[in-house]
Each structure stands twice: as structure tokens, then as C-alpha cells.
Amino acid sequence: MRPMSANDNNPKVVDLNQRSAAATLGEKPAEALTQVRMHALKRLTALATTLFENTDDALFDLASKADNNTIQAQYFDGMREVRKKRQQIESRFQEQLSRQFVDFLAGRGIAVKAENSNGEVSLTLVENTELEESLAVASMVAKTENRLQRVLFAINQRLSHISNQRVEDTNSPVGPAAVGQAFRLASGELEVELPVRLIIYKLFDRYVMGGLDQFYDELNALLVHAGVLPQIRANVPRRPGGAASSSPQRPGEPVPGSVPGMESTEAAAGYLPVDAAAAELQANLYSSLRALLATRRGDGDGAAVAAGYVPATYNPNVVPLNPAEILSALSILQTQSLSMQQSAVESAQVALRVKEELLGQAGKLRGEDGANVSGADEDTIDLVGMLFEYILQDRNLPAQMQALLGRLQIPFLKVALLDKHLFARRTHPARVLLDSLAQACVGWSEESDRDRRLYDKVKEIVELLLKDFEDDLGIFDRVRIDFEAFAETNKRRADLAEQRASEATRGREKLLEARRTAAREIMQRVENRTMPEMIRNLLSRPWANYLVLVLLRQGENSDEWRHALRFADELVWSVQPKQNAAERERLSAVLPQLEKTLRHGLATVAFDENDVRRLMHQLNVLYKALLQPAAPTAVTEVPMLDLTDPLPATSQEAGDTVMSAIQEEEPVSLPQESVEERWIQAVRELKVGTWIEFLDEQGSKERAKLSWISPISSKYLFVNRKGLKVADRTLMQLASDLAESRITILEEVPLFDRALDAIVERLKSTHAAKAATPAVAVAAPN
């Protein structure tokens, strides 16, 4: 070992021997990747071993606390199954990890869903167990990716360098997604109940995902030692759910436009990237707001009070509160509000008193009767007050959610005083969090949230901020990441239910349309035509069902559809009286093909074989009579096969349904002339994803999202926040409901943006009213 020199700690001095060895290895990507694979297999297998060493104890502990024998038996069965297949699962876990490295080198991503024969993910066949597993794995992967963004970014960059391909969390062979998917496939060997499987996933999250920190640090160190991008800086590009700053900042360097004394606020808060033009618009809007607030403060009259300005009692002999004093007073009020449970009305009343209570509390801290604040701080206090006044009146939010979000006024006032970018930048983490909460609450109703999952989550976040937020703006980003992971999990469930609802509706409409088409074709051939009743029943029941199946499977342009209609035409012709030998000869020629086609169609609709034989016997009797040289002058009637009684009930009902479908036209809709064009146009402009509030005759309200517009019937399908069908309406029904205020279209613009626009308009109208007042006063004496 060589003696340490003074240059060892000098970052400008490079050890050429060390650099040469590292560079040599770094230039051998295959060798570097082999080292990564070997280390990954070793460390991840060790983590899996730790998991299984703790699984037995965890399941035994749960079994001992089980509420009943059935649940206890599930846990004991799970223990035995894990013991029996542990070695097999560990082996398959290693195999799957190795296979993912092979796929990675081949440029293939991580396969996470089974596909059907058409290459499309089959959602209609997903079982509840598979859905729960998928959600459990996706949740732990998302949580781990967010927690370890920086180290993952560095690993991805280094793997990109040595593999000559773009590496992200989704295709990395060592990323949380790869690890989670490998274990999911490996644990598929376990034959256990769903609750036991989910517990095993929770243990996997704790012992394997929770141990990835050290593994990734070791992996980065290994690659650095191998000379792979040793000087890389982990400046993580911002993405949804991320927590890192989007651009590097040198220590001590002020953020452009930051508040003096708050230079590190923006970097700590972690702003999301934003379009430059949008940022400029926001800055201009904020400038207009400040100017209007200053004007209103200068007016100090009744009009200003009407605009929401309650002037603070000013005493020139009292020094205005400094930021620390204001924040201290707000922290006390924040603690007091933690124990308060308020309705929306009560929250609105509190919102109007915040400034008064703040000044009173600050005065107590000073030992004085009152306190002053600077003009700029007063504007900020008033602006936050107007923001929350708007929230507590926002029709997009249900009243219960208004009350919950209204409790955040004091934390947001602290944010606004700490960081002036809250109103100037859409990407401010506190602002993004508020918008995310509001967006999730748009579709909330007590009916759609019977388990109170969303309500309790929002309440948890509100109380967390009231309890823990002092001056660390990073808490808003951490809370947002957690909430977005929660929302994404619920969205996956809702999306699946929504897709099933739309597919079911689409299927019903296709079936109804096929029945109508089949019924019309049959009616064209049997209506006002003389024929044996047996033939009429044959066409209007089993053959109509066959037409429906052909339409659904092959479509109207298929040969099968044309052949089926040709058979109906030939069958009708075949039972008409034959006037001469040529017609009888032709009938003899077509009968074999008619019988073949009829047998095929009846078999397709599962017509009972005994009934088929009876039907064929009756047809033979009929055709023998028709083929007699002395042709009858009227349609030959034979003892009719009762196609009503011998048929299975389902076939009979199906036939009746098909023929009745021709009468099931679209429900009578209002004539277009009875509804104003503006309401019709408003409905036409609705986009999929728009939220609507329905008001029924009893005054009950239900919120639903436009999920799908039928290309067949042009009906609008609406689902609730869980993806379950709420209603379907025609365009004219919706236009009429809109005109009669039975539905309300909720706005899609983010809450914060809507609030700021409303505040600007409010201040402008107040300023305009103030400007017009002198003219009215002069005119009055005349």
C-alpha cells in the first residue's frame, strides 16, 4: 500500500494509473454489464432470502390474531405453501432476473401484462385476483421509483452509456419495475388465497424494495469504479411524481426573481418544468393582481371592502410585523385550527376572520393590543383570503370537500409569505398539490365513496399539513407524490371498471342494432306474404337469431350475411305454389342446399337436435305436397311444427326479442326545434372526460364523467369516479336538461387558475365601479 500524498484529497489531481484501469474496464461494456448482472443476482437473491426468513413469522403472527378459524387456516396454509415452494420461487426469481437482462440486451422492455391473440391487452378477462396483484406491484414500484429517483437516474445514465440504448425506469433490468415483475412471476407458483398473497407482497415491499437503497448505491459505486461516467451529477429531470429539482443550482447562488432571504426556496420546493410562454402569462397575471391589490388598498372605501378588502387597523407608532413574527402567529393559529371540524359555511366565516385573528395573535406575542403589517404582506394575506373564499364557493367542489380544503388557508398563507412564487408560477409544489386534490374531488360524492377512501385521504393530507408544516416547503412535494400514487391506484381501478362499462354498453348497442337489422330483413320477406305458419315462425325465430350472430361476427359485408339472406329468399320462394314442371324441377334442385344451409344455421344457434329432426320431417311433408304434378292453387298447409313449445326457452325468448327489436327504435326524443341551439351546441362540444353534475327530481345530486359517445346511437355514457355507469343520455335529452338546469357542466380548468381569474375580474369590476362613482355624484344634483 503506497503512502498517502498531499494530492490524494485534491480533486484537480487525477491518479493516471487508477484512471487508466477504470477507463479500460469502462470501454468494455459487455464486461461491465456482466458485473452488473452478477452483482444484481447476488444482492437481490439475498434480499429475497431475507423476505422468506421473515414470511413464516409474519404469517404465524397473523394466524394467532385471526378473528376466526377460516382466516387462521388461510394463514397456516400459506405458511406451509411458502415453506414447500420457497426454493422453487427463489430459483425462478433468479431465472426471471437473468431473463430480463437478456431482454434488456436485446432491446426488449419488461413485459408486465399478458396479451390476447390480437396483441391487445385483454381487460374483460382480468380476474379480481390478478387486478389486486397488479395494483399491489404497481403501487410498490411507483413508491420506490419516487423514493430513489436520484440514484436510479444515475444508474440509468450509466447503463445507457454501456448498453448504447436509452435506459429508463421502465426498461432497466435492475429497476424497481423489473424487480417487482420478476417476483410477481416467480411467486405465481404459490397456491394461496388472495389475502395471503397480498401480505407476501407487503413483506416483499418491506424487505426487498426497502433494501434497494444500498443495492443501488453499490451498483453506482461498481460502475464508477469501472470508469462508467464517474463524474455524472444526479440532476434528475422532473417528471410527474418526482421530487427532484429540474435544474442544477450552485450552492449559495440566488434563484432569479427569488425573495431576499429565501434564495433556496425554489430549489428545495422542487418546481415542475413549465412552458416559457405559460410562465410569462402567469407572471403577467400576478403583476396585474398586485397592481389591482395596491389600487384597492389605496382606495380604502366601501367599494374596496365589497371587493374583500378589510383594512388592517393601522397605528403609525407600531412597527409592522416582520416575517418571523407573522409566521409565529400563523403557526399558533394553525395548531388551533387542527382540532376544529368545520362545515363549508363555517370555513367561509373563518376565512374572512383570518387577518383579524392573525393581527390579534401577533399583538399578543408582542405584548401589545394590536399589530401592523406592511402593505405587501397585507396584499398577500388578502390574496390568499380571496383564494380560499373562492374555493369555499366553487361549484366544482362538493360542499364536504370545500370544507376540507378550506382548512388549508393558514398553511397556504405561510407558503405565500415564504415564497412569492406561489401565485406567479403554476409549477409551485403547493399549488400543484391543491390542484391535484381539487381535481380528484371533482367527481366525489357520498354515493361513489361509500368506503370514504378518498374523503379520508384528503382529510389525512389536510391534517398532516396543519400538524407538520412549519417552513419546509418540500413537504408539499412529498405529500403530492404520495397523493398522486394513491390517485393513480384508484384511477387504474376506475379505468378498468369504466372500460368494462363502455364495452358492455357498446356490446348491448351492437346487439340491439343487429337485432333491428335482422328483424327488418325478415319482415321484408314475410310481411304481407302468404306462406305456411311454420315457415313464418322458422324465419322470425331461429333464422332471425342466426342472422344476428352472423351480423355480430362477420358483418353486413360478409359472404355469410349474403348467403343467410339468400336462404331466406329461397325458403320463401320454395313454399309458394308451383305452377309448372320447371318450377317443381327447380325446387327439387335447390332442396338439398336449402336443407344443408338450414341445418348449419340451426346448429349455430344451438337449436335442439330433436327439434331439428322434427322440423325436417315436417318440411319433407310440405315439399312432397308441393312437388306433386297437380300443383295446389293455394299455399299448402301441413301439420305445423310448434316452434314455440318444443324450442328451448332461451331460443324462444331470443327469437321473440329479435322480432320485437324492430319496434325498439330510439326512445322518443324532443324535437330539435324545442331546445335552443346554444344548448345543443354546448352538448356537442362536450369532450370525453368532462364532469357533469346531475340533479334529479328529489333534489339529489350525482356527479359523473362523460366516458363514451356511441357512434351507433350517439348516446352519451356517464360513469362515476369508480368507473360505474350512472346514466346514458341522447344529445337532445342533455340539451333539454342543460336548458332546464337539471345538469351542470363542471369546469376543467385547474382550481388555482380559475380562482386567480375570478379574483382579477372581481378586482377589475370593483376598480371600474370606483372610477364611475364621481360621474354619478356630479349628475345627481341635476
# chains A, B, ... in the order shown; residues from 1 in each chain; ligands from 1
call {"tool": "residues_around", "arguments": {"residues": "segment 34-47 of chain A", "least_positions_apart": "3", "cutoff": "6 Å", "atoms": "only C-alpha atoms", "output": "list in words"}}
result
Glu31, Thr50 and Val208 of chain A
call {"tool": "residues_around", "arguments": {"residues": "Leu465 of chain A", "least_positions_apart": "4", "cutoff": "8 Å", "atoms": "only C-alpha atoms", "output": "PyMOL selection string"}}
result
chain A and resi 408+411+461+469+475
call {"tool": "residues_around", "arguments": {"residues": "segment 53-65 of chain A", "least_positions_apart": "6", "cutoff": "6 Å", "atoms": "only C-alpha atoms", "output": "PDB file with C-alpha atoms, in the first residue's frame"}}
result
ATOM      1  CA  GLN A  72     -56.470 -18.663  10.593  1.00  0.00           C
ATOM      2  CA  TYR A  75     -52.544 -18.152   7.089  1.00  0.00           C
ATOM      3  CA  MET A  79     -47.078 -20.844   5.740  1.00  0.00           C
TER       4      MET A  79
END
call {"tool": "select_by_dssp", "arguments": {"residues": "segment 410-646 of chain A", "states": "helix (DSSP H, G or I)", "output": "MDAnalysis selection string"}}
result
chainID A and resid 410:418 420:422 429:441 453:468 474:526 533:553 559:574 581:604 609:626
call {"tool": "closest_residue", "arguments": {"among": "A:Glu191, A:Asp377, A:Glu357, A:Glu218", "to": "Leu293 of chain A", "atoms": "only C-alpha atoms"}}
result
A:Asp377
call {"tool": "closest_residue", "arguments": {"among": "A:Val319, A:Leu148, A:Ala136, A:Leu627", "to": "Ser588 of chain A", "atoms": "only C-alpha atoms"}}
result
A:Leu627
call {"tool": "residues_around", "arguments": {"residues": "Trp561 of chain A", "least_positions_apart": "4", "cutoff": "9 Å", "atoms": "only C-alpha atoms", "output": "NGL selection string"}}
result
:A and (547 or 550-551 or 554-557 or 565-566)
call {"tool": "closest_residue", "arguments": {"among": "A:Ser574, A:Gln681, A:Thr604, A:Thr744", "to": "Lys624 of chain A", "atoms": "only C-alpha atoms"}}
result
A:Ser574
call {"tool": "closest_residue", "arguments": {"among": "A:Asp435, A:Gln576, A:Asp482, A:Phe93", "to": "Lys457 of chain A", "atoms": "only C-alpha atoms"}}
result
A:Asp482
call {"tool": "residues_around", "arguments": {"residues": "Gln74 of chain A", "least_positions_apart": "5", "cutoff": "9 Å", "atoms": "only C-alpha atoms", "output": "PDB file with N, CA and C atoms, in the first residue's frame"}}
result
ATOM      1  N   ALA A  63     -51.869 -15.401  11.977  1.00  0.00           N
ATOM      2  CA  ALA A  63     -52.746 -16.536  12.280  1.00  0.00           C
ATOM      3  C   ALA A  63     -53.146 -16.541  13.749  1.00  0.00           C
ATOM      4  N   ASN A  69     -61.638 -19.180  12.532  1.00  0.00           N
ATOM      5  CA  ASN A  69     -60.867 -20.352  12.109  1.00  0.00           C
ATOM      6  C   ASN A  69     -60.562 -20.347  10.626  1.00  0.00           C
ATOM      7  N   MET A  79     -48.385 -20.499   5.170  1.00  0.00           N
ATOM      8  CA  MET A  79     -47.078 -20.844   5.740  1.00  0.00           C
ATOM      9  C   MET A  79     -46.540 -22.135   5.139  1.00  0.00           C
ATOM     10  N   VAL A 192     -52.051 -19.844  -2.941  1.00  0.00           N
ATOM     11  CA  VAL A 192     -52.544 -19.288  -1.683  1.00  0.00           C
ATOM     12  C   VAL A 192     -53.709 -18.357  -1.967  1.00  0.00           C
ATOM     13  N   GLU A 193     -54.476 -18.067  -0.925  1.00  0.00           N
ATOM     14  CA  GLU A 193     -55.602 -17.140  -1.046  1.00  0.00           C
ATOM     15  C   GLU A 193     -55.078 -15.717  -1.263  1.00  0.00           C
ATOM     16  N   PRO A 195     -55.702 -12.777   0.222  1.00  0.00           N
ATOM     17  CA  PRO A 195     -55.188 -12.017   1.372  1.00  0.00           C
ATOM     18  C   PRO A 195     -53.764 -12.415   1.750  1.00  0.00           C
ATOM     19  N   VAL A 196     -53.460 -13.718   1.670  1.00  0.00           N
ATOM     20  CA  VAL A 196     -52.097 -14.181   1.990  1.00  0.00           C
ATOM     21  C   VAL A 196     -51.116 -13.674   0.939  1.00  0.00           C
TER      22      VAL A 196
END
call {"tool": "atom_distance", "arguments": {"atom1": "atom CA of Val479 of chain A", "atom2": "atom CA of Phe412 of chain A"}}
result
14.1 Å
call {"tool": "closest_residue", "arguments": {"among": "A:Val548, A:Ala603, A:Leu229, A:Leu190", "to": "Ser160 of chain A", "atoms": "only C-alpha atoms"}}
result
A:Leu229
call {"tool": "closest_residue", "arguments": {"among": "A:Glu702, A:Asp737, A:Asp477, A:Asp728", "to": "Ser714 of chain A", "atoms": "only C-alpha atoms"}}
result
A:Asp728
call {"tool": "atom_distance", "arguments": {"atom1": "atom CA of Arg184 of chain A", "atom2": "atom CA of Val137 of chain A"}}
result
7.6 Å
call {"tool": "residues_around", "arguments": {"residues": "Lys715 of chain A", "least_positions_apart": "5", "cutoff": "8 Å", "atoms": "only C-alpha atoms", "output": "list in words"}}
result
Ile709, Ser710, Asp728, Arg729, Thr730 and Leu731 of chain A
